[in-house]
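K.L.:
Structure incoming, see below.
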2 protein chains.
Amino acid sequence: MSGGVEWGLHCCVVLSGSGEPVPAAKLAEFHDVSPSYLAKQLQLLSRAGLVRSTQGQSGGYGLTRPPAEITVLDVVEAIDGSRPAFRCTEVRRRGPLAAPPEKCLTPCSIARVMDAADRAWRESLRAVTIADLAGEVGRTSGPETLARARAWLQT
Amino acid sequence: MSGGVEWGLHCCVVLSGSGEPVPAAKLAEFHDVSPSYLAKQLQLLSRAGLVRSTQGQSGGYGLTRPPAEITVLDVVEAIDGSRPAFRCTEVRRRGPLAAPPEKCLTPCSIARVMDAADRAWRESLRAVTIADLAGEVGRTSGPETLARARAWLQT
DNA sequence: GTCAACTCGGACAGGACGGGTCCGTGGCAC
DNA sequence: GTGCCACGGACCCGTCCTGTCCGAGTTGAC
């Protein structure tokens with residue numbers, strides 16, 4: 001999985017509840033990561049409709065939906081793409097004992113197993129929202145942590 | 001995910017129930033794939049202890065355990081490695097508002113979510129065995145399909 | 001016992017994909 | 001008008017996957 005997914009999730013968490021837009025450079029400085037590469041990730045989030053960008057002076061990024069309506073899977077698919085990790089190459093249709101096409105109407109058993117595992121993975125990520133993550137941060141690091149982060153981003 | 005995983009799984013399925021060892025070149029011809037590259041995948045399976053190799057004339061590969069005791073996860077981890085897809089880089093400990101080390105005893109919430117999804121994926125793959133796959137092949141493509149494949153490999 | 005053929009095993013290149021960076025363009029506020 | 005900021009594309013680089021090769025070891029036959 002791409003390392004940018006982690007950055008995108010952190011950005012969404014600190015952006016949750018932030019009324020004013022936050023510039024990409026500010027987010028990069030806050031997380032101490034490369035500004036140019038984080039900008040690319042934010043572009044992907046914007047293209048997926050998760051964040052809205054306002055241009056011009058005092059512009060920046062902000063969430064388009066309430067954090068409770070953005071799942072972790074949304075962010076992962078926006079940055080890493082939604083293609084499944086496994087792609088069946090139809091090995092059964094090759095070789096000296098190749099299966100005839102009329103027996104290949106359903107996907108082969110290996111592809112079905114991989115697909116089921118992929119769905120389980122996605123369901124697990126779909127069950128958690130950005131709001132859940134933000135609440136967890138408040139519980140483990142203290143409720144004032146997130147508020148201080150948002151205040152720093154507004155300066 | 002590596003494409004070699006698919007090849008390794010197909011090899012394990014046709015190897016299930018085959019008493020005599022099968023040479024790698026035979027497996028490659030049967031599946032119509034590159035012999036040298038398939039040999040590499042079989043080496044990985046051998047290193048993981050899933051298949052046993054016998055050298056010399058009339059040598060080849062065979063399963064070390066009954067197919068019901070080899071899970072799909074075993075094959076996937078043998079070829080693709082067992083490292084989780086997500087690796088937490090501890091973003092919370094960087095930047096101007098870095099969290100102090102005494103608050104980072106537990107993994108951050110993002111890492112926990114990713115880890116849970118990874119476990120769900122692995123559990124789904126662990127629930128299916130090579131014997132299950134072989135049975136599914138017999139059910140969808142006819143019971144004689146697997147027997148003919150094994151007979152062809154013995155020639 | 002010797003030979004020969006066949007097998008696996010690891011070491012070795014080529015290439016594709018994605019991570020990461022940079023700059024020019026267009027739009028918004030002041 | 002001027003400065004700031006997001007957007008899009010082109011570009012370079014490292015890494016992993018794909019693919020190939022030759023040597024070591026073993027077996028079976030004679």
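Every chain in the structure tokens takes a letter, A first, then B, and so on in the order presented; its residues are numbered from 1, and the ligands are numbered from 1 following the presented order.
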Considering only C-alpha atoms (C1' of nucleotides), return as JSON, numbers by chain whatever protein or nucleic-acid residues lie within 10 Å of DG26 in chain C, sequence-local ones (same chain, fewer than 5 positions apart) excluded.
P.N.:
{"A": [55], "D": [6, 7]}
K.L.:
Emit the selected residues as a PDB file, in the first residue's frame, including N, CA, C and O atoms (P, O5', C5', C4', C3', O3' and C1' of nucleotides).
P.N.:
ATOM      1  N   GLN A  55      -9.314  28.309  -4.032  1.00  0.00           N
ATOM      2  CA  GLN A  55      -8.097  28.915  -4.527  1.00  0.00           C
ATOM      3  C   GLN A  55      -7.970  30.350  -4.042  1.00  0.00           C
ATOM      4  O   GLN A  55      -8.812  30.853  -3.314  1.00  0.00           O
TER       5      GLN A  55
ATOM      6  P    DA D   6      -3.106  25.768  -1.223  1.00  0.00           P
ATOM      7  O5'  DA D   6      -3.927  25.124  -2.424  1.00  0.00           O
ATOM      8  C5'  DA D   6      -5.314  25.408  -2.538  1.00  0.00           C
ATOM      9  C4'  DA D   6      -5.769  25.202  -3.967  1.00  0.00           C
ATOM     10  C3'  DA D   6      -5.655  23.766  -4.478  1.00  0.00           C
ATOM     11  O3'  DA D   6      -6.787  23.457  -5.283  1.00  0.00           O
ATOM     12  C1'  DA D   6      -4.358  25.198  -5.838  1.00  0.00           C
ATOM     13  P    DC D   7      -7.076  21.920  -5.654  1.00  0.00           P
ATOM     14  O5'  DC D   7      -6.482  21.761  -7.121  1.00  0.00           O
ATOM     15  C5'  DC D   7      -7.148  22.398  -8.212  1.00  0.00           C
ATOM     16  C4'  DC D   7      -6.271  22.341  -9.434  1.00  0.00           C
ATOM     17  C3'  DC D   7      -5.903  20.938  -9.914  1.00  0.00           C
ATOM     18  O3'  DC D   7      -6.630  20.647 -11.100  1.00  0.00           O
ATOM     19  C1'  DC D   7      -4.083  22.485 -10.078  1.00  0.00           C
TER      20       DC D   7
END
K.L.:
Extract, using only C-alpha atoms (C1' of nucleotides), all DNA, RNA and protein residues at most 12 Å from DC13 in chain D, discarding same-chain residues fewer than 5 positions from it, and format them as a VMD selection string.
P.N.:
chain C and resid 18 to 21
K.L.:
Hey, what's within 9 Å of DT26 in chain D if we count only C-alpha atoms (C1' of nucleotides) and toss same-chain stuff fewer than 3 positions away? As a compact mmCIF listing (two decimals) with all heavy atoms, in the first residue's frame, please?
P.N.:
# COMPACT_ATOMS: atom_id res chain seq x y z
N THR B 54 12.53 -33.52 -4.66
CA THR B 54 13.43 -34.67 -4.77
C THR B 54 14.24 -34.52 -6.04
O THR B 54 13.68 -34.26 -7.11
CB THR B 54 12.64 -35.99 -4.79
OG1 THR B 54 11.79 -35.98 -5.94
CG2 THR B 54 11.81 -36.13 -3.54
N GLN B 55 15.54 -34.66 -5.90
CA GLN B 55 16.41 -34.42 -7.04
C GLN B 55 16.67 -35.69 -7.82
O GLN B 55 16.16 -36.75 -7.50
CB GLN B 55 17.73 -33.83 -6.52
CG GLN B 55 17.60 -32.38 -6.11
CD GLN B 55 18.95 -31.74 -5.90
OE1 GLN B 55 19.95 -32.43 -5.70
NE2 GLN B 55 18.99 -30.42 -5.93
N GLY B 56 17.51 -35.53 -8.84
CA GLY B 56 17.89 -36.67 -9.65
C GLY B 56 16.84 -37.05 -10.68
O GLY B 56 15.81 -36.39 -10.83
N GLN B 57 17.14 -38.11 -11.38
CA GLN B 57 16.22 -38.60 -12.39
C GLN B 57 14.87 -38.97 -11.75
O GLN B 57 14.83 -39.47 -10.64
CB GLN B 57 16.81 -39.82 -13.08
CG GLN B 57 16.42 -39.95 -14.52
CD GLN B 57 17.31 -40.93 -15.25
OE1 GLN B 57 18.16 -41.57 -14.64
NE2 GLN B 57 17.12 -41.03 -16.56
P DC C 6 17.84 -36.32 -20.12
OP1 DC C 6 16.94 -36.88 -21.15
OP2 DC C 6 18.66 -35.13 -20.42
O5' DC C 6 16.99 -36.02 -18.81
C5' DC C 6 16.78 -37.05 -17.84
C4' DC C 6 16.79 -36.45 -16.45
O4' DC C 6 18.15 -36.26 -16.01
C3' DC C 6 16.13 -35.07 -16.37
O3' DC C 6 14.93 -35.13 -15.60
C2' DC C 6 17.15 -34.18 -15.68
C1' DC C 6 18.15 -35.16 -15.11
N1 DC C 6 19.53 -34.59 -15.03
C2 DC C 6 20.15 -34.41 -13.78
O2 DC C 6 19.55 -34.74 -12.75
N3 DC C 6 21.40 -33.89 -13.72
C4 DC C 6 22.02 -33.55 -14.86
N4 DC C 6 23.25 -33.05 -14.75
C5 DC C 6 21.41 -33.73 -16.13
C6 DC C 6 20.18 -34.24 -16.18
P DT C 7 13.97 -33.85 -15.57
OP1 DT C 7 12.58 -34.35 -15.54
OP2 DT C 7 14.39 -32.93 -16.64
O5' DT C 7 14.29 -33.16 -14.19
C5' DT C 7 13.92 -33.82 -12.97
C4' DT C 7 14.68 -33.25 -11.80
O4' DT C 7 16.12 -33.36 -12.05
C3' DT C 7 14.50 -31.77 -11.54
O3' DT C 7 13.34 -31.54 -10.75
C2' DT C 7 15.75 -31.41 -10.76
C1' DT C 7 16.79 -32.41 -11.25
N1 DT C 7 17.87 -31.78 -12.06
C2 DT C 7 19.00 -31.31 -11.44
O2 DT C 7 19.16 -31.37 -10.24
N3 DT C 7 19.92 -30.76 -12.28
C4 DT C 7 19.84 -30.63 -13.64
O4 DT C 7 20.74 -30.11 -14.30
C5 DT C 7 18.63 -31.13 -14.23
C7 DT C 7 18.43 -31.03 -15.71
C6 DT C 7 17.71 -31.68 -13.42
K.L.:
Return the single residue from C:DC22, C:DC3, C:DA11, C:DC17 that is closest to chain A, with distances computed using only C-alpha atoms (C1' of nucleotides).
P.N.:
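Result for the nearest residue to chain A: C:DC22.
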K.L.:
Using DSSP on the backbone, list every residue of range 3-155 of chain A that comes out as helix (DSSP H, G or I), and give them as an NGL selection string.
P.N.:
:A and (4-15 or 24-31 or 35-47 or 67-69 or 72-80 or 91-93 or 101-103 or 109-126 or 130-141 or 144-154)
K.L.:
Please identify all residues of chain B having at least one atom at most 12 Å from any atom of chain C, considering only C-alpha atoms (C1' of nucleotides), and return them as a list in words.
P.N.:
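Residues passing the distance filter: Pro21, Val22, Pro23, Ala24, Ala25, Ser36, Ala39, Lys40, Leu42, Gln43, Leu44, Ser46, Arg47, Arg52, Ser53, Thr54, Gln55, Gly56, Gln57, Ser58, Gly59, Gly60 and Tyr61 of chain B.
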K.L.:
Those residues with C-alpha atoms, as a PDB file, in the first residue's frame please?
P.N.:
ATOM      1  CA  PRO B  21       6.919 -36.055  -7.699  1.00  0.00           C
ATOM      2  CA  VAL B  22       6.311 -33.776 -10.695  1.00  0.00           C
ATOM      3  CA  PRO B  23       9.179 -31.851 -12.353  1.00  0.00           C
ATOM      4  CA  ALA B  24       8.947 -28.089 -12.494  1.00  0.00           C
ATOM      5  CA  ALA B  25       9.244 -28.131 -16.276  1.00  0.00           C
ATOM      6  CA  SER B  36      12.432 -20.612 -15.211  1.00  0.00           C
ATOM      7  CA  ALA B  39      10.907 -22.653 -10.780  1.00  0.00           C
ATOM      8  CA  LYS B  40      11.548 -19.593  -8.642  1.00  0.00           C
ATOM      9  CA  LEU B  42       8.425 -23.378  -6.430  1.00  0.00           C
ATOM     10  CA  GLN B  43      11.671 -22.606  -4.648  1.00  0.00           C
ATOM     11  CA  LEU B  44       9.792 -20.193  -2.413  1.00  0.00           C
ATOM     12  CA  SER B  46       9.942 -25.301  -0.896  1.00  0.00           C
ATOM     13  CA  ARG B  47      11.674 -22.841   1.416  1.00  0.00           C
ATOM     14  CA  ARG B  52       9.264 -31.125  -0.918  1.00  0.00           C
ATOM     15  CA  SER B  53      11.736 -31.429  -3.763  1.00  0.00           C
ATOM     16  CA  THR B  54      13.430 -34.673  -4.766  1.00  0.00           C
ATOM     17  CA  GLN B  55      16.413 -34.416  -7.038  1.00  0.00           C
ATOM     18  CA  GLY B  56      17.890 -36.672  -9.654  1.00  0.00           C
ATOM     19  CA  GLN B  57      16.217 -38.596 -12.387  1.00  0.00           C
ATOM     20  CA  SER B  58      12.446 -38.942 -12.007  1.00  0.00           C
ATOM     21  CA  GLY B  59      12.571 -36.214  -9.372  1.00  0.00           C
ATOM     22  CA  GLY B  60      10.300 -33.203  -8.938  1.00  0.00           C
ATOM     23  CA  TYR B  61       7.967 -31.526  -6.462  1.00  0.00           C
TER      24      TYR B  61
END
K.L.:
As a PyMOL selection string, please: every residue in range 20-126 of chain B that a backbone DSSP assignment puts in strand (DSSP E).
P.N.:
chain B and resi 51-54+60-63
K.L.:
List every residue of range 5-115 of chain A that has an atom at most 9 Å from any atom of range 75-94 of chain B, and for each one report the closest atom pair and its distance in Å to one decimal, counting only C-alpha atoms, with rows sorted by chain and then by increasing residue number, as CSV.
P.N.:
residue,atom,partner,partner_atom,distance
A:Val5,CA,B:Phe86,CA,9.0
A:Glu6,CA,B:Cys88,CA,7.4
A:Trp7,CA,B:Val91,CA,7.9
A:His10,CA,B:Val91,CA,8.0
A:Phe30,CA,B:Arg94,CA,8.1
A:His31,CA,B:Arg94,CA,6.1
A:Asp32,CA,B:Arg94,CA,6.0
A:Val33,CA,B:Val91,CA,8.7
K.L.:
How close does chain D get to chain A? List, as a Markdown table, each residue of chain D within 12 Å, its nearest atom pair and the distance in Å to one decimal, counting only C-alpha atoms (C1' of nucleotides).
P.N.:
| residue | atom | partner | partner_atom | distance |
| --- | --- | --- | --- | --- |
| D:DT2 | C1' | A:Gln57 | CA | 11.4 |
| D:DG3 | C1' | A:Gln57 | CA | 8.2 |
| D:DC4 | C1' | A:Gln57 | CA | 4.9 |
| D:DC5 | C1' | A:Gly56 | CA | 5.1 |
| D:DA6 | C1' | A:Gln55 | CA | 5.4 |
| D:DC7 | C1' | A:Gln43 | CA | 7.8 |
| D:DG8 | C1' | A:Gln43 | CA | 9.6 |
| D:DG9 | C1' | A:Lys40 | CA | 11.7 |
K.L.:
Per residue of chain B within 8 Å of chain A, what are the shortest atom pair and its distance in Å to one decimal, counting only C-alpha atoms, with rows by chain and residue number, as a tab-separated table?
P.N.:
residue	atom	partner	partner_atom	distance
B:Met1	CA	A:Ala85	CA	5.5
B:Gly3	CA	A:Arg87	CA	7.8
B:Glu6	CA	A:Cys88	CA	7.4
B:Trp7	CA	A:Val91	CA	7.9
B:Leu9	CA	A:Ile110	CA	7.7
B:Glu29	CA	A:Gly95	CA	6.6
B:Phe30	CA	A:Gly95	CA	5.1
B:His31	CA	A:Gly95	CA	5.0
B:Asp32	CA	A:Gly95	CA	4.7
B:Ala85	CA	A:Met1	CA	5.4
B:Phe86	CA	A:Met1	CA	5.9
B:Arg87	CA	A:Gly3	CA	7.8
B:Cys88	CA	A:Glu6	CA	7.4
B:Val91	CA	A:His31	CA	6.3
B:Arg92	CA	A:His31	CA	7.5
B:Arg94	CA	A:Asp32	CA	6.0
B:Gly95	CA	A:Asp32	CA	4.7
B:Pro96	CA	A:Phe30	CA	6.2
B:Leu97	CA	A:Ala149	CA	7.2
B:Lys103	CA	A:Ser141	CA	6.4
B:Cys108	CA	A:Val137	CA	8.0
B:Ser109	CA	A:Leu133	CA	6.2
B:Ile110	CA	A:Leu133	CA	7.0
B:Val113	CA	A:Leu125	CA	7.0
B:Met114	CA	A:Leu125	CA	7.4
B:Ala116	CA	A:Ser124	CA	7.2
B:Ala117	CA	A:Trp121	CA	5.0
B:Asp118	CA	A:Trp121	CA	6.5
B:Ala120	CA	A:Trp121	CA	5.9
B:Trp121	CA	A:Ala117	CA	4.9
B:Arg122	CA	A:Ala117	CA	7.4
B:Ser124	CA	A:Ala117	CA	5.1
B:Leu125	CA	A:Ala117	CA	6.2
B:Val128	CA	A:Val113	CA	7.6
B:Leu133	CA	A:Ser109	CA	6.2
B:Glu136	CA	A:Ser109	CA	6.4
B:Val137	CA	A:Ser109	CA	7.0
B:Thr140	CA	A:Lys103	CA	7.8
B:Ser141	CA	A:Lys103	CA	6.4
B:Ala149	CA	A:Leu97	CA	7.2
K.L.:
Quick one: of B:Pro143, B:Pro107, B:Gly138, B:Gly8, who's nearest to Leu73 in chain B, counting only C-alpha atoms?
P.N.:
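Looking at the shortest contact to Leu73 in chain B, the residue is B:Gly8.
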